[in-house]
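Structure data follow from work-v8.cif (mmCIF, C-alpha atoms):
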```cif
data_run
loop_
_atom_site.label_atom_id
_atom_site.label_comp_id
_atom_site.auth_asym_id
_atom_site.auth_seq_id
_atom_site.Cartn_x
_atom_site.Cartn_y
_atom_site.Cartn_z
CA MET A 1356 -129.17 154.29 36.05
CA LYS A 1357 -127.52 151.81 38.34
CA LEU A 1358 -124.92 149.51 36.85
CA SER A 1359 -124.58 145.94 38.05
CA ASP A 1360 -121.17 144.62 39.07
CA LYS A 1361 -120.70 142.66 35.88
CA THR A 1362 -121.53 145.63 33.68
CA LYS A 1363 -119.18 147.82 35.65
CA GLU A 1364 -116.44 145.25 35.22
CA THR A 1365 -117.09 145.12 31.47
CA LEU A 1366 -116.88 148.87 31.16
CA LEU A 1367 -114.14 149.78 33.63
CA GLY A 1368 -111.93 146.66 33.55
CA PRO A 1369 -110.19 147.60 30.29
CA LEU A 1370 -109.29 151.05 31.58
CA SER A 1371 -106.47 149.87 33.82
CA ALA A 1372 -106.33 146.28 35.10
CA ASN A 1373 -107.09 144.73 31.71
CA ASN A 1374 -105.93 147.55 29.45
CA PRO A 1375 -105.91 146.52 25.78
CA VAL A 1376 -102.61 148.21 24.97
CA ILE A 1377 -100.30 147.62 27.89
CA VAL A 1378 -101.73 144.39 29.33
CA GLN A 1379 -103.26 142.57 26.37
CA ILE A 1380 -100.71 144.02 23.88
CA LEU A 1381 -103.25 144.75 21.19
CA GLY A 1382 -103.30 147.62 18.75
CA ILE A 1383 -99.79 148.85 19.38
CA CYS A 1384 -99.04 149.73 15.77
CA SER A 1385 -101.20 152.81 15.63
CA ALA A 1386 -100.78 153.63 19.31
CA LEU A 1387 -97.14 154.47 18.73
CA ALA A 1388 -97.29 156.16 15.37
CA VAL A 1389 -99.86 158.86 16.06
CA THR A 1390 -98.56 160.06 19.40
CA VAL A 1391 -96.04 162.73 18.38
CA GLN A 1392 -98.62 165.37 19.27
CA LEU A 1393 -101.60 165.36 21.58
CA LYS A 1394 -104.26 166.43 19.08
CA PRO A 1395 -104.00 163.58 16.55
CA ALA A 1396 -103.70 161.16 19.47
CA LEU A 1397 -106.99 162.45 20.93
CA VAL A 1398 -108.74 162.22 17.56
CA MET A 1399 -107.38 158.72 17.00
CA GLY A 1400 -108.50 157.63 20.48
CA ILE A 1401 -112.02 158.93 19.88
CA ALA A 1402 -112.18 157.38 16.40
CA VAL A 1403 -111.10 153.97 17.67
CA THR A 1404 -113.53 154.13 20.60
CA ILE A 1405 -116.44 154.86 18.27
CA ILE A 1406 -115.44 152.16 15.81
CA VAL A 1407 -114.88 149.47 18.45
CA ALA A 1408 -118.22 150.24 20.13
CA MET A 1409 -120.18 150.37 16.87
CA SER A 1410 -118.62 147.27 15.32
CA ASN A 1411 -119.20 145.37 18.56
CA VAL A 1412 -122.87 146.37 18.36
CA VAL A 1413 -123.22 145.37 14.71
CA ILE A 1414 -121.51 142.01 15.17
CA ALA A 1415 -123.48 141.30 18.35
CA LEU A 1416 -126.68 141.98 16.40
CA ILE A 1417 -125.89 139.59 13.56
CA ARG A 1418 -123.75 137.08 15.45
CA ASN A 1419 -126.32 134.29 15.20
CA THR A 1420 -126.61 134.55 11.42
CA ILE A 1421 -122.88 134.60 10.59
CA PRO A 1422 -121.59 131.21 9.38
CA MET A 1423 -118.57 130.25 11.50
CA ARG A 1424 -116.28 129.57 8.55
CA ILE A 1425 -116.44 133.02 7.02
CA ARG A 1426 -116.81 135.06 10.19
CA ILE A 1427 -113.38 136.72 9.87
CA ILE A 1428 -114.26 138.16 6.47
CA VAL A 1429 -117.67 139.32 7.69
CA GLN A 1430 -116.02 141.04 10.66
CA LEU A 1431 -113.42 142.67 8.44
CA VAL A 1432 -116.05 144.03 6.07
CA VAL A 1433 -118.15 145.47 8.90
CA VAL A 1434 -115.08 147.14 10.39
CA ALA A 1435 -113.86 148.38 7.01
CA ALA A 1436 -117.24 149.99 6.30
CA LEU A 1437 -117.20 151.79 9.66
CA VAL A 1438 -113.61 152.93 9.19
CA THR A 1439 -114.43 154.30 5.76
CA LEU A 1440 -117.29 156.30 7.31
CA VAL A 1441 -115.07 157.73 10.05
CA SER A 1442 -112.31 158.51 7.55
CA GLU A 1443 -114.72 160.42 5.27
CA VAL A 1444 -116.13 162.38 8.23
CA LEU A 1445 -112.63 163.30 9.38
CA LYS A 1446 -111.65 164.43 5.89
CA ALA A 1447 -114.74 166.62 5.75
CA PHE A 1448 -114.56 168.25 9.21
CA ALA A 1449 -110.95 167.96 10.40
CA TYR A 1450 -108.86 167.82 7.26
CA ASP A 1451 -105.50 168.75 8.79
CA VAL A 1452 -105.79 166.02 11.44
CA ALA A 1453 -106.85 163.52 8.77
CA VAL A 1454 -103.70 164.37 6.81
CA GLN A 1455 -101.52 163.98 9.92
CA LEU A 1456 -103.02 160.58 10.69
CA SER A 1457 -102.67 159.54 7.01
CA VAL A 1458 -102.65 155.76 6.65
CA TYR A 1459 -103.18 155.07 10.33
CA ILE A 1460 -106.91 155.78 10.02
CA GLY A 1461 -107.12 153.03 7.42
CA LEU A 1462 -105.05 150.80 9.65
CA ILE A 1463 -107.76 150.85 12.32
CA ILE A 1464 -109.23 148.01 10.23
CA THR A 1465 -106.33 145.74 11.09
CA ASN A 1466 -106.09 147.04 14.65
CA CYS A 1467 -105.91 143.91 16.77
CA ILE A 1468 -108.17 145.45 19.45
CA LEU A 1469 -111.07 145.34 17.02
CA MET A 1470 -110.64 141.76 15.88
CA GLY A 1471 -109.80 140.69 19.42
CA ARG A 1472 -112.93 142.21 20.95
CA LEU A 1473 -115.17 141.00 18.11
CA GLU A 1474 -113.89 137.45 18.41
CA ALA A 1475 -113.66 137.29 22.18
CA PHE A 1476 -116.67 139.30 23.24
CA ALA A 1477 -119.18 140.39 20.61
CA MET A 1478 -119.53 136.91 19.08
CA SER A 1479 -120.88 135.52 22.36
CA ASN A 1480 -122.58 138.38 24.22
CA ASN A 1481 -125.67 140.53 23.82
CA VAL A 1482 -125.80 143.95 22.21
CA TRP A 1483 -125.73 146.16 25.31
CA ASP A 1484 -122.83 144.32 26.97
CA SER A 1485 -120.90 144.36 23.69
CA PHE A 1486 -121.43 148.09 23.39
CA LEU A 1487 -120.07 148.68 26.90
CA ASP A 1488 -117.15 146.35 26.28
CA GLY A 1489 -116.27 148.21 23.09
CA LEU A 1490 -116.56 151.55 24.85
CA GLY A 1491 -114.34 150.40 27.71
CA ASN A 1492 -111.65 148.98 25.45
CA GLY A 1493 -111.69 152.01 23.19
CA LEU A 1494 -111.26 154.31 26.18
CA GLY A 1495 -108.49 152.13 27.59
CA TYR A 1496 -106.69 152.50 24.28
CA ALA A 1497 -107.33 156.25 24.19
CA ILE A 1498 -105.93 156.74 27.70
CA ILE A 1499 -102.58 155.18 26.79
CA LEU A 1500 -102.45 157.23 23.58
CA VAL A 1501 -103.08 160.43 25.50
CA ILE A 1502 -100.46 159.65 28.17
CA VAL A 1503 -97.78 158.84 25.59
CA ALA A 1504 -98.67 161.85 23.44
CA PHE A 1505 -98.71 164.14 26.49
CA PHE A 1506 -95.10 163.32 27.37
CA ARG A 1507 -93.89 163.27 23.77
CA GLU A 1508 -95.36 166.66 22.94
CA LEU A 1509 -94.41 168.26 26.28
CA LEU A 1510 -90.78 167.09 26.18
CA GLY A 1511 -90.38 166.99 22.41
CA SER A 1512 -91.75 170.36 21.40
CA GLY A 1513 -92.51 172.10 24.71
CA SER A 1514 -96.20 172.51 23.94
CA LEU A 1515 -99.57 170.85 24.59
CA LEU A 1516 -102.32 170.71 21.96
CA GLY A 1517 -100.20 173.18 19.97
CA PHE A 1518 -99.95 175.81 22.75
CA GLN A 1519 -96.53 176.56 24.16
CA VAL A 1520 -96.28 175.40 27.77
CA ILE A 1521 -92.59 175.74 28.59
CA PRO A 1522 -92.13 179.50 29.19
CA GLN A 1523 -89.88 181.48 26.89
CA TRP A 1524 -87.31 182.38 29.61
CA CYS A 1525 -86.43 178.72 30.01
CA TYR A 1526 -85.28 178.65 26.39
CA GLU A 1527 -83.33 181.89 26.92
CA HIS A 1528 -81.49 180.24 29.79
CA GLY A 1529 -80.43 177.34 27.66
CA TYR A 1530 -83.31 174.84 27.91
CA VAL A 1531 -83.50 172.78 24.72
CA ASN A 1532 -86.37 170.61 23.54
CA ASN A 1533 -85.58 166.92 23.50
CA GLY A 1534 -85.58 166.12 19.79
CA MET A 1535 -85.38 162.39 20.52
CA MET A 1536 -88.99 162.52 21.75
CA MET A 1537 -90.18 163.25 18.22
CA MET A 1538 -88.48 160.10 16.89
CA PRO A 1539 -90.32 156.77 16.66
CA ALA A 1540 -87.78 155.15 18.97
CA MET A 1541 -88.80 157.13 22.06
CA ALA A 1542 -92.45 156.14 21.67
CA LEU A 1543 -91.44 152.53 22.18
CA ILE A 1544 -89.29 153.34 25.19
CA LEU A 1545 -92.05 155.47 26.73
CA VAL A 1546 -94.57 152.64 26.37
CA GLY A 1547 -91.99 150.35 27.96
CA CYS A 1548 -91.75 152.71 30.93
CA ILE A 1549 -95.56 152.97 31.22
CA ILE A 1550 -95.76 149.18 31.38
CA TRP A 1551 -93.06 149.22 34.04
CA VAL A 1552 -94.90 151.73 36.23
CA HIS A 1553 -98.26 150.03 35.65
CA ARG A 1554 -96.96 146.61 36.65
CA SER A 1555 -95.18 147.90 39.74
CA ILE A 1556 -98.37 149.59 40.96
CA ASN A 1557 -100.70 146.71 40.12
CA LYS A 1558 -98.50 144.19 41.87
CA GLU A 1559 -98.75 146.17 45.11
CA GLU A 1560 -102.55 146.03 44.92
CA LYS A 1561 -102.50 142.25 44.78
CA MET B 636 -84.07 150.16 -12.83
CA GLU B 637 -82.06 152.45 -10.58
CA HIS B 638 -85.29 153.87 -9.22
CA ALA B 639 -86.62 150.42 -8.39
CA PHE B 640 -83.38 149.47 -6.67
CA SER B 641 -83.40 152.64 -4.60
CA LEU B 642 -86.99 151.95 -3.61
CA PHE B 643 -86.01 148.41 -2.61
CA VAL B 644 -83.11 149.48 -0.38
CA ARG B 645 -85.03 152.37 1.16
CA SER B 646 -87.94 150.13 2.10
CA ILE B 647 -85.62 147.70 3.88
CA PHE B 648 -83.69 150.24 5.93
CA ALA B 649 -84.91 153.84 5.93
CA ASP B 650 -88.64 153.10 5.64
CA ASN B 651 -88.51 149.92 7.68
CA MET B 652 -92.05 148.75 8.42
CA ILE B 653 -91.35 148.14 12.11
CA PHE B 654 -88.92 150.83 13.10
CA ALA B 655 -90.21 153.76 11.07
CA TYR B 656 -93.95 153.05 10.92
CA PHE B 657 -94.67 150.51 13.69
CA LEU B 658 -96.59 148.28 11.31
CA GLY B 659 -97.25 144.68 12.27
CA MET B 660 -96.21 145.39 15.84
CA CYS B 661 -98.68 143.05 17.53
CA SER B 662 -97.47 139.84 15.96
CA TYR B 663 -93.92 141.23 16.00
CA LEU B 664 -93.93 141.41 19.79
CA ALA B 665 -95.98 138.26 20.34
CA VAL B 666 -94.04 135.87 18.11
CA SER B 667 -90.44 137.04 18.55
CA LYS B 668 -89.59 134.64 21.37
CA ASP B 669 -87.31 132.36 19.37
CA VAL B 670 -85.47 132.76 16.09
CA LYS B 671 -86.92 129.78 14.26
CA THR B 672 -90.61 130.67 14.61
CA SER B 673 -89.99 134.34 13.93
CA ALA B 674 -88.08 133.49 10.75
CA GLY B 675 -91.12 131.43 9.68
CA LEU B 676 -93.45 134.35 10.29
CA GLY B 677 -91.08 136.72 8.51
CA VAL B 678 -91.04 134.51 5.41
CA ALA B 679 -94.83 134.22 5.50
CA VAL B 680 -95.27 138.01 5.72
CA THR B 681 -92.84 138.60 2.84
CA PHE B 682 -94.61 135.99 0.76
CA VAL B 683 -98.09 137.42 1.32
CA LEU B 684 -96.83 140.96 0.68
CA LEU B 685 -95.35 139.87 -2.62
CA VAL B 686 -98.69 138.47 -3.74
CA THR B 687 -101.09 141.09 -2.39
CA LEU B 688 -99.26 144.33 -3.17
CA PRO B 689 -99.07 143.96 -6.99
CA VAL B 690 -102.76 142.93 -7.04
CA ASN B 691 -103.77 145.94 -4.97
CA TYR B 692 -101.54 148.13 -7.16
CA LEU B 693 -103.38 147.01 -10.29
CA LEU B 694 -106.74 147.56 -8.57
CA GLN B 695 -105.69 151.03 -7.44
CA VAL B 696 -104.43 152.05 -10.88
CA TYR B 697 -107.10 150.49 -13.10
CA VAL B 698 -110.22 150.41 -10.92
CA LEU B 699 -110.12 152.71 -7.91
CA GLY B 700 -108.17 155.75 -9.13
CA PRO B 701 -109.75 158.92 -10.51
CA ASN B 702 -111.36 158.57 -13.98
CA CYS B 703 -110.62 154.86 -14.21
CA LEU B 704 -113.89 153.01 -14.57
CA VAL B 705 -116.22 155.91 -15.25
CA GLU B 706 -115.10 159.35 -16.39
CA GLY B 707 -115.16 161.83 -13.52
CA VAL B 708 -115.64 159.26 -10.75
CA ASP B 709 -113.02 158.71 -8.05
CA LEU B 710 -113.65 155.45 -6.24
CA SER B 711 -110.67 155.67 -3.88
CA TYR B 712 -112.96 155.97 -0.84
CA LEU B 713 -113.77 152.29 -1.40
CA SER B 714 -110.12 151.34 -1.11
CA PHE B 715 -110.24 150.23 2.56
CA ILE B 716 -112.95 147.65 1.91
CA ILE B 717 -111.49 146.48 -1.41
CA PHE B 718 -107.94 146.14 -0.08
CA ILE B 719 -108.89 144.23 3.03
CA ALA B 720 -111.17 141.94 1.04
CA VAL B 721 -108.38 141.26 -1.46
CA ILE B 722 -105.92 140.57 1.34
CA ALA B 723 -108.28 138.25 3.19
CA ALA B 724 -109.12 136.38 0.00
CA ILE B 725 -105.51 136.07 -1.15
CA VAL B 726 -104.37 134.84 2.25
CA GLN B 727 -107.05 132.17 2.04
CA ILE B 728 -105.95 131.17 -1.48
CA VAL B 729 -102.25 131.20 -0.59
CA GLU B 730 -103.02 128.98 2.37
CA MET B 731 -104.84 126.45 0.21
CA VAL B 732 -102.20 126.47 -2.54
CA VAL B 733 -99.33 126.06 -0.09
CA GLU B 734 -101.16 123.25 1.69
CA LYS B 735 -101.70 121.44 -1.62
CA PHE B 736 -98.32 121.88 -3.30
CA ALA B 737 -95.80 122.42 -0.48
CA PRO B 738 -96.96 120.51 2.57
CA SER B 739 -93.61 120.91 4.36
CA LEU B 740 -93.72 124.70 3.98
CA TYR B 741 -97.33 124.61 5.14
CA ALA B 742 -96.36 122.68 8.23
CA SER B 743 -93.67 125.19 9.13
CA LEU B 744 -95.81 128.30 8.46
CA GLY B 745 -98.80 126.57 10.00
CA ILE B 746 -100.84 128.84 12.21
CA PHE B 747 -99.22 132.06 10.97
CA LEU B 748 -100.80 132.15 7.53
CA PRO B 749 -104.41 132.85 8.56
CA LEU B 750 -103.23 135.40 11.14
CA ILE B 751 -101.46 137.40 8.47
CA ALA B 752 -104.77 138.65 7.07
CA VAL B 753 -105.02 140.99 10.04
CA ASN B 754 -101.33 141.90 10.17
CA CYS B 755 -101.07 145.68 9.95
CA ALA B 756 -97.91 145.43 7.84
CA ILE B 757 -99.81 143.94 4.88
CA MET B 758 -102.64 146.47 4.94
CA GLY B 759 -100.25 149.32 5.74
CA CYS B 760 -98.05 148.47 2.79
CA SER B 761 -101.06 148.64 0.47
CA LEU B 762 -102.13 151.98 1.93
CA PHE B 763 -98.64 153.44 1.57
CA MET B 764 -98.59 152.18 -2.00
CA GLN B 765 -101.86 154.04 -2.60
CA GLN B 766 -100.25 157.26 -1.35
CA ARG B 767 -97.10 156.75 -3.37
CA VAL B 768 -98.84 156.06 -6.68
CA GLY B 769 -99.76 159.73 -6.90
CA LEU B 770 -96.22 161.07 -6.35
CA GLU B 771 -94.07 162.75 -9.00
CA ALA B 772 -91.77 160.48 -11.01
CA THR B 773 -88.69 162.27 -9.60
CA ASP B 774 -89.61 161.45 -6.01
CA PRO B 775 -87.52 158.50 -4.77
CA LYS B 776 -90.59 157.15 -2.93
CA ALA B 777 -92.86 157.10 -5.99
CA ILE B 778 -94.25 153.79 -7.24
CA LEU B 779 -94.52 154.18 -11.00
CA ASN B 780 -95.22 150.71 -12.39
CA ILE B 781 -95.91 147.16 -11.33
CA GLY B 782 -92.19 146.40 -11.10
CA ASP B 783 -91.77 149.16 -8.51
CA ALA B 784 -94.74 147.80 -6.57
CA PHE B 785 -93.10 144.38 -6.60
CA MET B 786 -89.76 145.74 -5.40
CA TYR B 787 -91.47 147.78 -2.69
CA ALA B 788 -93.28 144.68 -1.45
CA LEU B 789 -90.08 142.63 -1.47
CA GLY B 790 -88.12 145.33 0.36
CA SER B 791 -90.79 145.85 3.00
CA GLY B 792 -91.08 142.13 3.55
CA ILE B 793 -87.32 141.69 3.93
CA GLY B 794 -87.19 144.67 6.28
CA TRP B 795 -89.87 143.10 8.45
CA PHE B 796 -88.11 139.73 8.35
CA LEU B 797 -84.83 141.36 9.38
CA ALA B 798 -86.44 143.23 12.25
CA ILE B 799 -88.21 140.21 13.74
CA VAL B 800 -85.20 137.89 13.44
CA CYS B 801 -82.93 140.49 15.09
CA LEU B 802 -85.35 140.99 17.97
CA ALA B 803 -85.78 137.25 18.43
CA GLY B 804 -81.99 136.84 18.58
CA ILE B 805 -81.69 139.52 21.25
CA ARG B 806 -84.58 138.10 23.25
CA GLU B 807 -83.07 134.62 23.22
CA LYS B 808 -79.89 136.03 24.76
CA MET B 809 -81.82 138.16 27.23
CA GLU B 810 -83.33 135.09 28.84
CA TYR B 811 -80.26 134.95 31.07
CA ASN B 812 -80.23 138.62 32.06
CA ASP B 813 -81.30 139.98 35.41
CA VAL B 814 -84.13 142.37 34.54
CA PRO B 815 -86.16 144.17 37.26
CA LYS B 816 -89.31 142.18 38.00
CA PRO B 817 -92.03 144.58 36.74
CA LEU B 818 -90.04 145.24 33.58
CA GLN B 819 -89.64 141.59 32.67
CA GLY B 820 -91.15 140.24 29.48
CA LEU B 821 -93.02 142.93 27.68
CA GLY B 822 -91.56 146.08 29.19
CA ILE B 823 -87.97 145.27 28.41
CA THR B 824 -88.97 144.10 24.93
CA PHE B 825 -90.42 147.51 24.19
CA ILE B 826 -87.27 149.24 25.35
CA THR B 827 -85.13 146.85 23.28
CA VAL B 828 -87.18 147.62 20.18
CA GLY B 829 -86.83 151.32 20.94
CA LEU B 830 -83.04 151.01 21.03
CA MET B 831 -83.07 149.00 17.81
CA ALA B 832 -85.21 151.68 16.18
CA MET B 833 -82.61 154.26 17.20
CA ALA B 834 -79.94 152.21 15.47
CA PHE B 835 -82.07 151.95 12.34
CA MET B 836 -82.58 155.73 12.33
CA CYS B 837 -79.00 156.02 11.13
CA PHE B 838 -80.13 154.65 7.77
CA SER B 839 -82.67 157.39 7.21
CA GLY B 840 -80.14 159.62 5.45
CA ILE B 841 -79.06 157.22 2.74
CA SER B 842 -79.58 158.23 -0.88
CA ILE B 843 -78.95 156.07 -3.89
CA GLY B 844 -78.47 157.11 -7.50
#
```
Represent the structure from my file as structure tokens, please.
Amino acid sequence: MKLSDKTKETLLGPLSANNPVIVQILGICSALAVTVQLKPALVMGIAVTIIVAMSNVVIALIRNTIPMRIRIIVQLVVVAALVTLVSEVLKAFAYDVAVQLSVYIGLIITNCILMGRLEAFAMSNNVWDSFLDGLGNGLGYAIILVIVAFFRELLGSGSLLGFQVIPQWCYEHGYVNNGMMMMPAMALILVGCIIWVHRSINKEEK
Amino acid sequence: MEHAFSLFVRSIFADNMIFAYFLGMCSYLAVSKDVKTSAGLGVAVTFVLLVTLPVNYLLQVYVLGPNCLVEGVDLSYLSFIIFIAVIAAIVQIVEMVVEKFAPSLYASLGIFLPLIAVNCAIMGCSLFMQQRVGLEATDPKAILNIGDAFMYALGSGIGWFLAIVCLAGIREKMEYNDVPKPLQGLGITFITVGLMAMAFMCFSGISIG
């Protein structure tokens, strides 16, 4: 299937140039909290991608029947229903990850990416475009999560996805894991550095 | 009483909404440009927390918990929908009441009130409350009665208020600093918050009573 330019822009724009986390500053709350290890970050990224795409589709389907005055509540209920579904599925099939993510699964409801995309895109576009837009934004969010989690797990506990990466002889010669990486503070500083790198590169392109 | 006080102090410092859990980060970063507006938002968040958390506590204990409405039925999987509906509704009511009875407060809170419905700090506080209801009575984090829920809401709100006013103060001063171009604005704000979070980590060891 060949994608038109506009569709491509809808899908790929949010991955870098218009990234929801580091450019639009949406959905930072959960992006920072779940990134101590790579595995919960991956699960969270996938969960958010599915929920953004699905809720965009649902809202795009019923957008003409929603009264303007109560649209926020309608959007919240649609999102909350989807989040409940995802949360129950996670509890059933990946219980340990669900426990690690704890309240942050529930907090997907108030993730600003969702409300932002529903308000800005799904309320005024057709179903297929909304689906692609949701997919793109979800993936843009997931990419940042994975990058932050990659560095935090590698430097903080010397492993990736739970497997030890830093060889044992490094520890025997005095290498020590950076405990600061496990703390909430370093997540913020890492995101700050990602924004720094991203802006320096993007400026050169223009 | 001692338990409630400990809960109150812990939720301001050790379990600070911003620095320990990153809740309400979006509006925290977006609104913290000057002290006056951020103080307004901080007050609004505290206010809404104080109203919503006790209501959600009562719902959790008397409606959603195991064996509450019907013997053998645990409705807690409905909590996401119920909590967010309660929050959205209460924010709407608070907005109308404030507009009617305190027009000057309404003018100063203005646009922030409706936005608070989707502030992660409000929802997150309710979800943490749901986790803490089930804890043992000896656990310092446990929420045992409506008074505890009230104190927890007050502490979390004040913690959030403190965090946003501090950041706004720093950002006002930073206007005059020479920051590298790509780091300006958002990047340096993140790093500032990271350093503040490090400072707040010192409180994580405190124990009271």
Please, which residues in chain B fall within 6 Å of chain A when counting all atoms listed in the file, and what is the closest atom pair and distance in Å to one decimal for each, ordered by chain then residue number, as JSON lines?
```
{"residue": "B:Phe657", "atom": "CA", "partner": "A:Cys1384", "partner_atom": "CA", "distance": 4.9}
{"residue": "B:Leu658", "atom": "CA", "partner": "A:Cys1384", "partner_atom": "CA", "distance": 5.3}
{"residue": "B:Met660", "atom": "CA", "partner": "A:Cys1384", "partner_atom": "CA", "distance": 5.2}
{"residue": "B:Ile716", "atom": "CA", "partner": "A:Ala1435", "partner_atom": "CA", "distance": 5.2}
{"residue": "B:Val753", "atom": "CA", "partner": "A:Thr1465", "partner_atom": "CA", "distance": 5.0}
{"residue": "B:Cys755", "atom": "CA", "partner": "A:Thr1465", "partner_atom": "CA", "distance": 5.4}
{"residue": "B:Pro817", "atom": "CA", "partner": "A:Arg1554", "partner_atom": "CA", "distance": 5.3}
{"residue": "B:Leu818", "atom": "CA", "partner": "A:Trp1551", "partner_atom": "CA", "distance": 5.0}
{"residue": "B:Gly822", "atom": "CA", "partner": "A:Gly1547", "partner_atom": "CA", "distance": 4.5}
{"residue": "B:Phe825", "atom": "CA", "partner": "A:Gly1547", "partner_atom": "CA", "distance": 5.0}
{"residue": "B:Ile826", "atom": "CA", "partner": "A:Ile1544", "partner_atom": "CA", "distance": 4.6}
{"residue": "B:Gly829", "atom": "CA", "partner": "A:Ala1540", "partner_atom": "CA", "distance": 4.4}
{"residue": "B:Ala832", "atom": "CA", "partner": "A:Ala1540", "partner_atom": "CA", "distance": 5.1}
{"residue": "B:Met833", "atom": "CA", "partner": "A:Ala1540", "partner_atom": "CA", "distance": 5.5}
```
Residues as selected, C-alpha atoms, written as a PDB file, in the coordinates of the input, can you do that?
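Full text of selection-v1.pdb as output:
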```pdb
ATOM      1  CA  PHE B 657     -94.670 150.510  13.690  1.00  0.00           C
ATOM      2  CA  LEU B 658     -96.590 148.280  11.310  1.00  0.00           C
ATOM      3  CA  MET B 660     -96.210 145.390  15.840  1.00  0.00           C
ATOM      4  CA  ILE B 716    -112.950 147.650   1.910  1.00  0.00           C
ATOM      5  CA  VAL B 753    -105.020 140.990  10.040  1.00  0.00           C
ATOM      6  CA  CYS B 755    -101.070 145.680   9.950  1.00  0.00           C
ATOM      7  CA  PRO B 817     -92.030 144.580  36.740  1.00  0.00           C
ATOM      8  CA  LEU B 818     -90.040 145.240  33.580  1.00  0.00           C
ATOM      9  CA  GLY B 822     -91.560 146.080  29.190  1.00  0.00           C
ATOM     10  CA  PHE B 825     -90.420 147.510  24.190  1.00  0.00           C
ATOM     11  CA  ILE B 826     -87.270 149.240  25.350  1.00  0.00           C
ATOM     12  CA  GLY B 829     -86.830 151.320  20.940  1.00  0.00           C
ATOM     13  CA  ALA B 832     -85.210 151.680  16.180  1.00  0.00           C
ATOM     14  CA  MET B 833     -82.610 154.260  17.200  1.00  0.00           C
TER      15      MET B 833
END
```
Evaluate the PyMOL selection byres ((chain B and resi 808-810) around 10) here and jot the selected residues down as number ranges by chain.
-> B: 668-669, 803-807, 811-814, 819-820, 823-824
How big is the axis-aligned box, and where does its centre sit, when it encloses all atoms of segment 708-725 of chain B listed in the file and has 5 Å added on every side, reported in Å to one decimal as JSON?
```
{"center_x": -110.6, "center_y": 147.7, "center_z": -3.8, "size_x": 20.1, "size_y": 33.2, "size_z": 23.9}
```
Segment 639-656 of chain B surroundings by all atoms listed in the file, 7 Å radius, close-in-sequence under 3 positions cut, as a list in words = Ala1388 and Pro1539 of chain A; Met636, Gly659, Met660, Ala756, Pro775, Lys776, Asp783, Met786, Tyr787, Gly790, Ser791, Ile793, Gly794, Trp795, Ala798, Ala832, Phe835, Phe838, Ser839 and Ile843 of chain B
Which protein, DNA or RNA residues are at most 10 Å from (-108.3, 153.4, -5.6) in the file's coordinates when you count all atoms listed in the file, listed as a PDB file with C-alpha atoms, in the coordinates of the input?
```pdb
ATOM      1  CA  ASN B 691    -103.770 145.940  -4.970  1.00  0.00           C
ATOM      2  CA  TYR B 692    -101.540 148.130  -7.160  1.00  0.00           C
ATOM      3  CA  LEU B 693    -103.380 147.010 -10.290  1.00  0.00           C
ATOM      4  CA  LEU B 694    -106.740 147.560  -8.570  1.00  0.00           C
ATOM      5  CA  GLN B 695    -105.690 151.030  -7.440  1.00  0.00           C
ATOM      6  CA  VAL B 696    -104.430 152.050 -10.880  1.00  0.00           C
ATOM      7  CA  TYR B 697    -107.100 150.490 -13.100  1.00  0.00           C
ATOM      8  CA  VAL B 698    -110.220 150.410 -10.920  1.00  0.00           C
ATOM      9  CA  LEU B 699    -110.120 152.710  -7.910  1.00  0.00           C
ATOM     10  CA  GLY B 700    -108.170 155.750  -9.130  1.00  0.00           C
ATOM     11  CA  PRO B 701    -109.750 158.920 -10.510  1.00  0.00           C
ATOM     12  CA  CYS B 703    -110.620 154.860 -14.210  1.00  0.00           C
ATOM     13  CA  ASP B 709    -113.020 158.710  -8.050  1.00  0.00           C
ATOM     14  CA  LEU B 710    -113.650 155.450  -6.240  1.00  0.00           C
ATOM     15  CA  SER B 711    -110.670 155.670  -3.880  1.00  0.00           C
ATOM     16  CA  TYR B 712    -112.960 155.970  -0.840  1.00  0.00           C
ATOM     17  CA  LEU B 713    -113.770 152.290  -1.400  1.00  0.00           C
ATOM     18  CA  SER B 714    -110.120 151.340  -1.110  1.00  0.00           C
ATOM     19  CA  PHE B 715    -110.240 150.230   2.560  1.00  0.00           C
ATOM     20  CA  ILE B 717    -111.490 146.480  -1.410  1.00  0.00           C
ATOM     21  CA  PHE B 718    -107.940 146.140  -0.080  1.00  0.00           C
ATOM     22  CA  LEU B 762    -102.130 151.980   1.930  1.00  0.00           C
ATOM     23  CA  GLN B 765    -101.860 154.040  -2.600  1.00  0.00           C
ATOM     24  CA  GLN B 766    -100.250 157.260  -1.350  1.00  0.00           C
ATOM     25  CA  VAL B 768     -98.840 156.060  -6.680  1.00  0.00           C
TER      26      VAL B 768
END
```
Picked residues, the PyMOL selection byres ((chain A and resi 1508) around 12), expected as a PyMOL selection string | chain A and resi 1389-1396+1500-1507+1509-1521+1532-1538+1541-1542
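The coordinates place atom CA of Met1399 of chain A at 28.4 Å from atom CA of Phe796 of chain B.
Take atom CA of Ile1421 of chain A and atom CA of Ser1485 of chain A: the distance between them is 16.5 Å.
You will find atom CA of Ile1414 of chain A at 29.0 Å from atom CA of Phe763 of chain B.
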Within 9 Å of Gly769 of chain B, counting only C-alpha atoms, which residues show up once you throw out same-chain ones fewer than 5 positions away? Write them as a VMD selection string, please.
-> chain B and resid 777 to 779
Using all atoms listed in the file, the shortest atom-to-atom distance to Asn1373 of chain A among A:Met1409, A:Ala1497, A:Asn1492, A:Tyr1530 belongs to A:Asn1492
Test item: residues at most 10 Å from Val726 of chain B, all atoms listed in the file, excluding those fewer than 5 positions along its chain, as a ChimeraX atom specification | /B:682-684,686-687,720-721,731-732,748-753
